Amino acid sequence: MRRLIKDPNTDAELRSLASEDLDTTVAQLDNASQSLAQSLIPKHPFADLPCLIEIRPGAGGSEATIFAGDLLRMYQAYCSQNGLHAGIIKLEVAEAEPGSVTEAVLEVETPGAYAILRCEAGVHRVQRIPATETKGRVHTSSASVMVLPSISQSNGEKIDFNDPSSDYYVDPKDVRIDVMRANGAGGQHVNRTESAVRLTHIPTNTVVSVQDSRSQLANREKAWQILRSRLALARREAREEEMVRLRRSVVGVAKIGRGDKIRTYNWQQQRVTDHRSGLTVHGIDGILGGGPNLEKIMDSVRKWLTGKEIADVLATSQDGLTESLVDK
């Protein structure tokens, strides 16, 4: 087909038809290649689950809290435009900075959301001139994003929270429950009612606090949901790390860590670069608006992640073959 296009003797109409067919064929081959690659790796155990997106500001002071708010709105817009049902279950804001966020948890309730959004976990970095900057200097700030598999009492009929073999099992004896008065805005209710709930998982020192609702019961349910999700992901990651250690191989599981810098948003150049797939896309406003370019970036990371996981499967197979030959 490319020969027809490049051949100067090819009829103009035929060249046009060949060009159109080439674009379609390339897209079909790309999709087939991706499907084949996905079939070569084990399905992620959390792939079909809803998810929680936790967002927290990192380095950068008030500018980091503003960027955290930008990311929250970006994911809300993305979910809205892609038919994913999402709602905020925890939101703490910095009152001095409109639109800023000190901590947010967005629940994406649609089944399969974890597989779609897990590529967003990591440290997002922004480079821009803050509104409070008087000398026009560019500041670098960051926000961390964690994507957790989510199971609540209402959508988790198939998971037994009392089964010790489940990743979501939490022994109540290992959890200290504290109730207190909520902090922040809230009027007289803040001073009258002990509605805020803090759960501390003593063996891992994992702490979850929720004070969004005036109902202590509602806050308690949200806190348990977040705690189960955090511990489930931690257990999964611990198993992956153990697998890497046992293999003694160079290639490790493609785990996306919470401390990894994954993406830079450069306002001056109006570009967003993902440091895993290497893709750079221009037009920050459209990306932060949850538009098609955000999906383009995310899709490039999913492909990168699939490649890493295939490499891990191959390394595992090679390691097993080597051990079997040594045994013989």
# chains A, B, ... in the order shown; residues from 1 in each chain; ligands from 1
>>> residues_around(residues="Leu71 in chain A", least_positions_apart="3", cutoff="8 Å", atoms="only C-alpha atoms", output="short mmCIF file (atom, residue, chain, number, x, y, z; two decimals) with N, CA and C atoms, in the first residue's frame")
data_model
loop_
_atom_site.label_atom_id
_atom_site.label_comp_id
_atom_site.auth_asym_id
_atom_site.auth_seq_id
_atom_site.Cartn_x
_atom_site.Cartn_y
_atom_site.Cartn_z
N ILE A 55 -5.92 12.76 46.29
CA ILE A 55 -5.09 13.86 45.80
C ILE A 55 -4.62 14.68 46.99
N PHE A 67 -2.79 23.63 42.69
CA PHE A 67 -2.60 22.60 41.66
C PHE A 67 -3.35 21.32 42.02
N ALA A 68 -3.39 20.98 43.30
CA ALA A 68 -4.16 19.81 43.72
C ALA A 68 -5.64 19.99 43.37
N MET A 74 -9.82 18.23 37.09
CA MET A 74 -9.48 17.55 35.86
C MET A 74 -10.08 16.14 35.84
N TYR A 75 -9.94 15.42 36.95
CA TYR A 75 -10.47 14.06 36.99
C TYR A 75 -12.00 14.05 37.03
N LEU A 288 -6.47 19.83 31.35
CA LEU A 288 -7.04 20.03 32.68
C LEU A 288 -8.57 20.08 32.63
#
>>> closest_atom_pairs(of="range 259-283 of chain A", to="range 295-298 of chain A", cutoff="12 Å", atoms="only C-alpha atoms", output="Markdown table")
| residue | atom | partner | partner_atom | distance |
| --- | --- | --- | --- | --- |
| A:Ile262 | CA | A:Met298 | CA | 11.3 |
| A:Arg263 | CA | A:Ile297 | CA | 9.9 |
| A:Thr264 | CA | A:Ile297 | CA | 11.8 |
| A:Arg271 | CA | A:Ile297 | CA | 11.6 |
| A:Val272 | CA | A:Ile297 | CA | 8.8 |
| A:Thr273 | CA | A:Ile297 | CA | 8.4 |
| A:Asp274 | CA | A:Ile297 | CA | 7.2 |
| A:His275 | CA | A:Ile297 | CA | 10.6 |
| A:Arg276 | CA | A:Ile297 | CA | 10.2 |
| A:Ser277 | CA | A:Ile297 | CA | 8.3 |
| A:Gly278 | CA | A:Ile297 | CA | 9.4 |
| A:Leu279 | CA | A:Ile297 | CA | 6.8 |
| A:Thr280 | CA | A:Ile297 | CA | 8.0 |
| A:Val281 | CA | A:Ile297 | CA | 7.5 |
| A:His282 | CA | A:Ile297 | CA | 10.8 |
>>> write_last_selection(atoms="N, CA and C atoms", output="short mmCIF file (atom, residue, chain, number, x, y, z; two decimals), in the first residue's frame")
data_model
loop_
_atom_site.label_atom_id
_atom_site.label_comp_id
_atom_site.auth_asym_id
_atom_site.auth_seq_id
_atom_site.Cartn_x
_atom_site.Cartn_y
_atom_site.Cartn_z
N ILE A 262 5.74 11.41 37.65
CA ILE A 262 5.23 10.79 36.42
C ILE A 262 4.92 11.79 35.32
N ARG A 263 4.62 13.04 35.67
CA ARG A 263 4.13 13.95 34.64
C ARG A 263 4.46 15.39 35.01
N THR A 264 4.77 16.20 33.99
CA THR A 264 5.04 17.62 34.20
C THR A 264 4.08 18.45 33.36
N ARG A 271 2.54 22.80 27.55
CA ARG A 271 2.73 21.39 27.22
C ARG A 271 2.64 20.53 28.47
N VAL A 272 2.26 19.28 28.25
CA VAL A 272 2.24 18.28 29.31
C VAL A 272 3.06 17.09 28.82
N THR A 273 4.03 16.68 29.63
CA THR A 273 4.90 15.56 29.27
C THR A 273 4.77 14.45 30.29
N ASP A 274 4.48 13.25 29.82
CA ASP A 274 4.47 12.09 30.71
C ASP A 274 5.84 11.44 30.65
N HIS A 275 6.46 11.25 31.81
CA HIS A 275 7.84 10.78 31.86
C HIS A 275 7.96 9.27 31.75
N ARG A 276 6.84 8.55 31.72
CA ARG A 276 6.89 7.10 31.55
C ARG A 276 6.79 6.72 30.08
N SER A 277 5.76 7.19 29.41
CA SER A 277 5.60 6.88 27.99
C SER A 277 6.42 7.80 27.10
N GLY A 278 6.83 8.97 27.65
CA GLY A 278 7.60 9.92 26.87
C GLY A 278 6.77 10.82 25.97
N LEU A 279 5.44 10.72 26.07
CA LEU A 279 4.56 11.50 25.20
C LEU A 279 4.45 12.94 25.70
N THR A 280 4.52 13.89 24.77
CA THR A 280 4.29 15.30 25.07
C THR A 280 3.10 15.79 24.26
N VAL A 281 2.17 16.46 24.94
CA VAL A 281 0.97 16.97 24.29
C VAL A 281 0.83 18.44 24.67
N HIS A 282 0.43 19.28 23.71
CA HIS A 282 0.26 20.71 23.98
C HIS A 282 -1.21 21.05 24.21
#
>>> residues_around(residues="Lys90 in chain A", least_positions_apart="6", cutoff="10 Å", atoms="only C-alpha atoms", output="list in words")
Glu54, Glu103, Ala104, Val105, Leu106, Glu107, Ser209, Val210, Gln211, Asp212, Ser213, Asn219, Lys222, Ala223 and Ile226 of chain A
>>> closest_atom_pairs(of="range 32-124 of chain A", to="range 128-149 of chain A", cutoff="8 Å", atoms="only C-alpha atoms", output="Markdown table")
| residue | atom | partner | partner_atom | distance |
| --- | --- | --- | --- | --- |
| A:Phe46 | CA | A:Pro149 | CA | 6.1 |
| A:Leu49 | CA | A:Pro149 | CA | 6.1 |
| A:Pro50 | CA | A:Pro149 | CA | 6.2 |
| A:Cys51 | CA | A:Pro149 | CA | 4.5 |
| A:Leu52 | CA | A:Leu148 | CA | 5.0 |
| A:Ile53 | CA | A:Val147 | CA | 4.7 |
| A:Glu54 | CA | A:Met146 | CA | 5.0 |
| A:Ile55 | CA | A:Val145 | CA | 4.7 |
| A:Arg56 | CA | A:Ser144 | CA | 5.3 |
| A:Pro57 | CA | A:Ala143 | CA | 4.2 |
| A:Gly58 | CA | A:Ala143 | CA | 4.6 |
| A:Ala59 | CA | A:Ser141 | CA | 5.5 |
| A:Gly60 | CA | A:Ser141 | CA | 4.3 |
| A:Gly61 | CA | A:Ser141 | CA | 7.7 |
| A:Glu63 | CA | A:Pro130 | CA | 6.5 |
| A:Ala64 | CA | A:Ser141 | CA | 5.2 |
| A:Thr65 | CA | A:Ala143 | CA | 7.7 |
| A:Phe67 | CA | A:Ala143 | CA | 6.9 |
| A:Ala68 | CA | A:Ala143 | CA | 5.6 |
| A:Tyr114 | CA | A:Pro149 | CA | 6.0 |
| A:Leu117 | CA | A:Val147 | CA | 7.1 |
| A:Arg118 | CA | A:Val147 | CA | 5.5 |
| A:Glu120 | CA | A:Val145 | CA | 6.8 |
| A:Ala121 | CA | A:Met146 | CA | 4.8 |
| A:Gly122 | CA | A:Val145 | CA | 5.3 |
| A:Val123 | CA | A:Ser144 | CA | 4.4 |
| A:His124 | CA | A:Ala143 | CA | 5.4 |
>>> write_last_selection(atoms="N, CA and C atoms", output="PDB file, in the first residue's frame")
ATOM      1  N   PHE A  46      -7.495  -6.230  40.443  1.00  0.00           N
ATOM      2  CA  PHE A  46      -8.398  -5.125  40.769  1.00  0.00           C
ATOM      3  C   PHE A  46      -8.992  -4.480  39.519  1.00  0.00           C
ATOM      4  N   LEU A  49     -12.718  -3.378  39.285  1.00  0.00           N
ATOM      5  CA  LEU A  49     -13.283  -2.666  40.432  1.00  0.00           C
ATOM      6  C   LEU A  49     -13.431  -1.161  40.180  1.00  0.00           C
ATOM      7  N   PRO A  50     -14.325  -0.519  40.915  1.00  0.00           N
ATOM      8  CA  PRO A  50     -14.314   0.947  40.987  1.00  0.00           C
ATOM      9  C   PRO A  50     -13.018   1.392  41.646  1.00  0.00           C
ATOM     10  N   CYS A  51     -12.812   2.691  41.762  1.00  0.00           N
ATOM     11  CA  CYS A  51     -11.568   3.143  42.381  1.00  0.00           C
ATOM     12  C   CYS A  51     -11.769   4.417  43.179  1.00  0.00           C
ATOM     13  N   LEU A  52     -10.794   4.693  44.031  1.00  0.00           N
ATOM     14  CA  LEU A  52     -10.702   5.947  44.765  1.00  0.00           C
ATOM     15  C   LEU A  52      -9.466   6.683  44.267  1.00  0.00           C
ATOM     16  N   ILE A  53      -9.610   7.972  43.995  1.00  0.00           N
ATOM     17  CA  ILE A  53      -8.468   8.800  43.615  1.00  0.00           C
ATOM     18  C   ILE A  53      -8.185   9.756  44.764  1.00  0.00           C
ATOM     19  N   GLU A  54      -7.042   9.581  45.406  1.00  0.00           N
ATOM     20  CA  GLU A  54      -6.643  10.455  46.513  1.00  0.00           C
ATOM     21  C   GLU A  54      -5.668  11.503  45.983  1.00  0.00           C
ATOM     22  N   ILE A  55      -5.920  12.763  46.285  1.00  0.00           N
ATOM     23  CA  ILE A  55      -5.088  13.863  45.802  1.00  0.00           C
ATOM     24  C   ILE A  55      -4.621  14.684  46.990  1.00  0.00           C
ATOM     25  N   ARG A  56      -3.311  14.929  47.053  1.00  0.00           N
ATOM     26  CA  ARG A  56      -2.748  15.747  48.128  1.00  0.00           C
ATOM     27  C   ARG A  56      -1.679  16.668  47.555  1.00  0.00           C
ATOM     28  N   PRO A  57      -1.599  17.904  48.028  1.00  0.00           N
ATOM     29  CA  PRO A  57      -0.519  18.792  47.573  1.00  0.00           C
ATOM     30  C   PRO A  57       0.823  18.309  48.095  1.00  0.00           C
ATOM     31  N   GLY A  58       1.871  18.569  47.312  1.00  0.00           N
ATOM     32  CA  GLY A  58       3.225  18.226  47.731  1.00  0.00           C
ATOM     33  C   GLY A  58       4.018  19.486  47.988  1.00  0.00           C
ATOM     34  N   ALA A  59       5.252  19.514  47.469  1.00  0.00           N
ATOM     35  CA  ALA A  59       6.105  20.681  47.655  1.00  0.00           C
ATOM     36  C   ALA A  59       5.554  21.851  46.850  1.00  0.00           C
ATOM     37  N   GLY A  60       5.660  23.051  47.434  1.00  0.00           N
ATOM     38  CA  GLY A  60       5.237  24.230  46.693  1.00  0.00           C
ATOM     39  C   GLY A  60       4.292  25.149  47.428  1.00  0.00           C
ATOM     40  N   GLY A  61       4.000  24.873  48.695  1.00  0.00           N
ATOM     41  CA  GLY A  61       3.172  25.763  49.492  1.00  0.00           C
ATOM     42  C   GLY A  61       1.766  25.925  48.951  1.00  0.00           C
ATOM     43  N   GLU A  63       0.722  27.272  46.241  1.00  0.00           N
ATOM     44  CA  GLU A  63       0.597  26.946  44.821  1.00  0.00           C
ATOM     45  C   GLU A  63       0.334  25.452  44.629  1.00  0.00           C
ATOM     46  N   ALA A  64       0.897  24.614  45.505  1.00  0.00           N
ATOM     47  CA  ALA A  64       0.671  23.171  45.418  1.00  0.00           C
ATOM     48  C   ALA A  64      -0.778  22.830  45.749  1.00  0.00           C
ATOM     49  N   THR A  65      -1.378  23.543  46.694  1.00  0.00           N
ATOM     50  CA  THR A  65      -2.790  23.283  47.021  1.00  0.00           C
ATOM     51  C   THR A  65      -3.705  23.709  45.876  1.00  0.00           C
ATOM     52  N   PHE A  67      -2.794  23.631  42.692  1.00  0.00           N
ATOM     53  CA  PHE A  67      -2.601  22.602  41.663  1.00  0.00           C
ATOM     54  C   PHE A  67      -3.354  21.324  42.019  1.00  0.00           C
ATOM     55  N   ALA A  68      -3.386  20.977  43.300  1.00  0.00           N
ATOM     56  CA  ALA A  68      -4.160  19.808  43.718  1.00  0.00           C
ATOM     57  C   ALA A  68      -5.636  19.994  43.371  1.00  0.00           C
ATOM     58  N   TYR A 114     -10.811   1.258  37.962  1.00  0.00           N
ATOM     59  CA  TYR A 114      -9.417   1.103  38.427  1.00  0.00           C
ATOM     60  C   TYR A 114      -8.488   0.827  37.255  1.00  0.00           C
ATOM     61  N   LEU A 117      -7.939   4.144  35.309  1.00  0.00           N
ATOM     62  CA  LEU A 117      -7.308   5.293  35.957  1.00  0.00           C
ATOM     63  C   LEU A 117      -6.054   4.978  36.771  1.00  0.00           C
ATOM     64  N   ARG A 118      -5.697   3.718  36.914  1.00  0.00           N
ATOM     65  CA  ARG A 118      -4.543   3.408  37.766  1.00  0.00           C
ATOM     66  C   ARG A 118      -3.242   3.990  37.219  1.00  0.00           C
ATOM     67  N   GLU A 120      -2.705   6.919  36.589  1.00  0.00           N
ATOM     68  CA  GLU A 120      -2.555   8.290  37.064  1.00  0.00           C
ATOM     69  C   GLU A 120      -1.816   8.394  38.395  1.00  0.00           C
ATOM     70  N   ALA A 121      -1.501   7.256  39.004  1.00  0.00           N
ATOM     71  CA  ALA A 121      -0.867   7.286  40.319  1.00  0.00           C
ATOM     72  C   ALA A 121       0.579   7.747  40.230  1.00  0.00           C
ATOM     73  N   GLY A 122       0.945   8.652  41.107  1.00  0.00           N
ATOM     74  CA  GLY A 122       2.311   9.155  41.149  1.00  0.00           C
ATOM     75  C   GLY A 122       2.334  10.640  41.464  1.00  0.00           C
ATOM     76  N   VAL A 123       3.494  11.256  41.284  1.00  0.00           N
ATOM     77  CA  VAL A 123       3.662  12.681  41.574  1.00  0.00           C
ATOM     78  C   VAL A 123       3.515  13.480  40.281  1.00  0.00           C
ATOM     79  N   HIS A 124       2.576  14.414  40.295  1.00  0.00           N
ATOM     80  CA  HIS A 124       2.351  15.317  39.167  1.00  0.00           C
ATOM     81  C   HIS A 124       3.029  16.646  39.495  1.00  0.00           C
TER      82      HIS A 124
END
>>> closest_residue(among="A:Val126, A:Ala113, A:Lys308, A:Cys119", to="Gln270 in chain A", atoms="only C-alpha atoms")
A:Val126
>>> residues_around(residues="Gly289 in chain A", least_positions_apart="5", cutoff="10 Å", atoms="only C-alpha atoms", output="ChimeraX atom specification")
/A:70-71,73-78,81,284,294
>>> write_last_selection(atoms="N, CA and C atoms", output="short mmCIF file (atom, residue, chain, number, x, y, z; two decimals), in the first residue's frame")
data_model
loop_
_atom_site.label_atom_id
_atom_site.label_comp_id
_atom_site.auth_asym_id
_atom_site.auth_seq_id
_atom_site.Cartn_x
_atom_site.Cartn_y
_atom_site.Cartn_z
N ASP A 70 -6.69 21.83 40.88
CA ASP A 70 -6.76 21.69 39.42
C ASP A 70 -6.88 20.22 39.02
N LEU A 71 -6.10 19.36 39.67
CA LEU A 71 -6.13 17.94 39.34
C LEU A 71 -7.47 17.31 39.70
N ARG A 73 -10.40 18.77 39.76
CA ARG A 73 -11.38 19.19 38.74
C ARG A 73 -11.11 18.51 37.39
N MET A 74 -9.82 18.23 37.09
CA MET A 74 -9.48 17.55 35.86
C MET A 74 -10.08 16.14 35.84
N TYR A 75 -9.94 15.42 36.95
CA TYR A 75 -10.47 14.06 36.99
C TYR A 75 -12.00 14.05 37.03
N GLN A 76 -12.59 15.04 37.68
CA GLN A 76 -14.05 15.14 37.66
C GLN A 76 -14.55 15.36 36.23
N ALA A 77 -13.88 16.26 35.50
CA ALA A 77 -14.28 16.54 34.12
C ALA A 77 -14.06 15.32 33.23
N TYR A 78 -12.93 14.63 33.43
CA TYR A 78 -12.64 13.44 32.63
C TYR A 78 -13.73 12.38 32.83
N GLN A 81 -17.00 13.37 31.11
CA GLN A 81 -16.96 13.28 29.64
C GLN A 81 -16.83 11.85 29.13
N ILE A 284 -2.65 22.88 27.62
CA ILE A 284 -2.90 22.50 29.02
C ILE A 284 -4.36 22.68 29.41
N LEU A 294 -6.10 14.38 27.32
CA LEU A 294 -5.81 13.68 28.57
C LEU A 294 -5.94 12.18 28.35
#
>>> residues_around(residues="Ile151 in chain A", least_positions_apart="5", cutoff="12 Å", atoms="only C-alpha atoms", output="number ranges by chain")
A: 46, 48-52, 107-114, 156-161, 166-169, 221-222, 224-233
>>> residues_around(residues="Asp171 in chain A", least_positions_apart="5", cutoff="10 Å", atoms="only C-alpha atoms", output="list in words")
Phe161, Asn162, Asp163, Pro164 and His201 of chain A
>>> select_by_dssp(residues="range 85-124 of chain A", states="strand (DSSP E or B)", output="count of residues only")
16
>>> residues_around(residues="Thr200 in chain A", least_positions_apart="6", cutoff="6 Å", atoms="only C-alpha atoms", output="ChimeraX atom specification")
/A:175-176,206-207
>>> closest_residue(among="A:Leu72, A:Ile177, A:Ala47, A:Ala238", to="Gly99 in chain A", atoms="only C-alpha atoms")
A:Leu72
>>> select_by_dssp(residues="range 30-243 of chain A", states="helix (DSSP H, G or I)", output="PyMOL selection string")
chain A and resi 30-39+62-81+113-120+172-174+188-192+216-243
>>> write_last_selection(atoms="C-alpha atoms", output="PDB file, in the first residue's frame")
ATOM      1  CA  ASP A  30      -2.462  -0.960  16.438  1.00  0.00           C
ATOM      2  CA  ASN A  31      -5.684  -2.097  18.138  1.00  0.00           C
ATOM      3  CA  ALA A  32      -4.994  -5.746  17.293  1.00  0.00           C
ATOM      4  CA  SER A  33      -1.456  -5.434  18.631  1.00  0.00           C
ATOM      5  CA  GLN A  34      -2.729  -3.911  21.870  1.00  0.00           C
ATOM      6  CA  SER A  35      -5.362  -6.661  22.257  1.00  0.00           C
ATOM      7  CA  LEU A  36      -2.741  -9.347  21.677  1.00  0.00           C
ATOM      8  CA  ALA A  37      -0.401  -7.744  24.186  1.00  0.00           C
ATOM      9  CA  GLN A  38      -3.183  -7.604  26.794  1.00  0.00           C
ATOM     10  CA  SER A  39      -3.925 -11.312  26.246  1.00  0.00           C
ATOM     11  CA  SER A  62      -0.112  27.427  48.535  1.00  0.00           C
ATOM     12  CA  GLU A  63       0.597  26.946  44.821  1.00  0.00           C
ATOM     13  CA  ALA A  64       0.671  23.171  45.418  1.00  0.00           C
ATOM     14  CA  THR A  65      -2.790  23.283  47.021  1.00  0.00           C
ATOM     15  CA  ILE A  66      -4.111  25.210  44.010  1.00  0.00           C
ATOM     16  CA  PHE A  67      -2.601  22.602  41.663  1.00  0.00           C
ATOM     17  CA  ALA A  68      -4.160  19.808  43.718  1.00  0.00           C
ATOM     18  CA  GLY A  69      -7.512  21.510  43.158  1.00  0.00           C
ATOM     19  CA  ASP A  70      -6.760  21.693  39.423  1.00  0.00           C
ATOM     20  CA  LEU A  71      -6.126  17.938  39.339  1.00  0.00           C
ATOM     21  CA  LEU A  72      -9.330  17.179  41.234  1.00  0.00           C
ATOM     22  CA  ARG A  73     -11.379  19.187  38.740  1.00  0.00           C
ATOM     23  CA  MET A  74      -9.480  17.545  35.858  1.00  0.00           C
ATOM     24  CA  TYR A  75     -10.473  14.059  36.991  1.00  0.00           C
ATOM     25  CA  GLN A  76     -14.049  15.139  37.662  1.00  0.00           C
ATOM     26  CA  ALA A  77     -14.276  16.541  34.123  1.00  0.00           C
ATOM     27  CA  TYR A  78     -12.644  13.435  32.630  1.00  0.00           C
ATOM     28  CA  CYS A  79     -15.119  11.156  34.377  1.00  0.00           C
ATOM     29  CA  SER A  80     -18.062  13.310  33.293  1.00  0.00           C
ATOM     30  CA  GLN A  81     -16.961  13.279  29.645  1.00  0.00           C
ATOM     31  CA  ALA A 113     -12.561   2.391  36.693  1.00  0.00           C
ATOM     32  CA  TYR A 114      -9.417   1.103  38.427  1.00  0.00           C
ATOM     33  CA  ALA A 115      -8.075  -0.353  35.172  1.00  0.00           C
ATOM     34  CA  ILE A 116      -8.790   2.931  33.376  1.00  0.00           C
ATOM     35  CA  LEU A 117      -7.308   5.293  35.957  1.00  0.00           C
ATOM     36  CA  ARG A 118      -4.543   3.408  37.766  1.00  0.00           C
ATOM     37  CA  CYS A 119      -2.040   4.916  35.317  1.00  0.00           C
ATOM     38  CA  GLU A 120      -2.555   8.290  37.064  1.00  0.00           C
ATOM     39  CA  PRO A 172     -11.406  -4.718  63.950  1.00  0.00           C
ATOM     40  CA  LYS A 173      -9.139  -5.460  66.923  1.00  0.00           C
ATOM     41  CA  ASP A 174      -6.261  -3.920  64.954  1.00  0.00           C
ATOM     42  CA  GLN A 188     -22.305  25.865  65.311  1.00  0.00           C
ATOM     43  CA  HIS A 189     -22.312  22.198  64.266  1.00  0.00           C
ATOM     44  CA  VAL A 190     -18.502  22.114  64.519  1.00  0.00           C
ATOM     45  CA  ASN A 191     -18.606  23.120  68.160  1.00  0.00           C
ATOM     46  CA  ARG A 192     -21.523  20.911  69.209  1.00  0.00           C
ATOM     47  CA  GLN A 216     -20.731  10.267  62.505  1.00  0.00           C
ATOM     48  CA  LEU A 217     -22.087   7.033  60.983  1.00  0.00           C
ATOM     49  CA  ALA A 218     -21.565   8.313  57.411  1.00  0.00           C
ATOM     50  CA  ASN A 219     -18.037   9.488  58.230  1.00  0.00           C
ATOM     51  CA  ARG A 220     -17.261   6.140  59.841  1.00  0.00           C
ATOM     52  CA  GLU A 221     -18.433   4.234  56.740  1.00  0.00           C
ATOM     53  CA  LYS A 222     -16.328   6.420  54.425  1.00  0.00           C
ATOM     54  CA  ALA A 223     -13.277   6.029  56.662  1.00  0.00           C
ATOM     55  CA  TRP A 224     -13.589   2.228  56.668  1.00  0.00           C
ATOM     56  CA  GLN A 225     -13.937   2.237  52.880  1.00  0.00           C
ATOM     57  CA  ILE A 226     -10.747   4.279  52.430  1.00  0.00           C
ATOM     58  CA  LEU A 227      -8.847   2.215  55.011  1.00  0.00           C
ATOM     59  CA  ARG A 228      -9.775  -1.086  53.322  1.00  0.00           C
ATOM     60  CA  SER A 229      -8.756   0.293  49.940  1.00  0.00           C
ATOM     61  CA  ARG A 230      -5.372   1.534  51.177  1.00  0.00           C
ATOM     62  CA  LEU A 231      -4.561  -1.742  52.903  1.00  0.00           C
ATOM     63  CA  ALA A 232      -5.694  -3.820  49.893  1.00  0.00           C
ATOM     64  CA  LEU A 233      -3.368  -1.910  47.575  1.00  0.00           C
ATOM     65  CA  ALA A 234      -0.501  -2.118  50.080  1.00  0.00           C
ATOM     66  CA  ARG A 235      -0.930  -5.897  50.331  1.00  0.00           C
ATOM     67  CA  ARG A 236      -0.963  -6.235  46.546  1.00  0.00           C
ATOM     68  CA  GLU A 237       2.196  -4.129  46.251  1.00  0.00           C
ATOM     69  CA  ALA A 238       3.907  -6.155  48.991  1.00  0.00           C
ATOM     70  CA  ARG A 239       3.250  -9.372  47.047  1.00  0.00           C
ATOM     71  CA  GLU A 240       4.645  -7.802  43.888  1.00  0.00           C
ATOM     72  CA  GLU A 241       7.790  -6.676  45.697  1.00  0.00           C
ATOM     73  CA  GLU A 242       8.245 -10.170  47.092  1.00  0.00           C
ATOM     74  CA  MET A 243       7.881 -11.643  43.603  1.00  0.00           C
TER      75      MET A 243
END
>>> atom_distance(atom1="CA of Ala86 in chain A", atom2="CA of Ser300 in chain A")
23.2 Å
>>> atom_distance(atom1="CA of Glu309 in chain A", atom2="CA of Ser150 in chain A")
22.5 Å
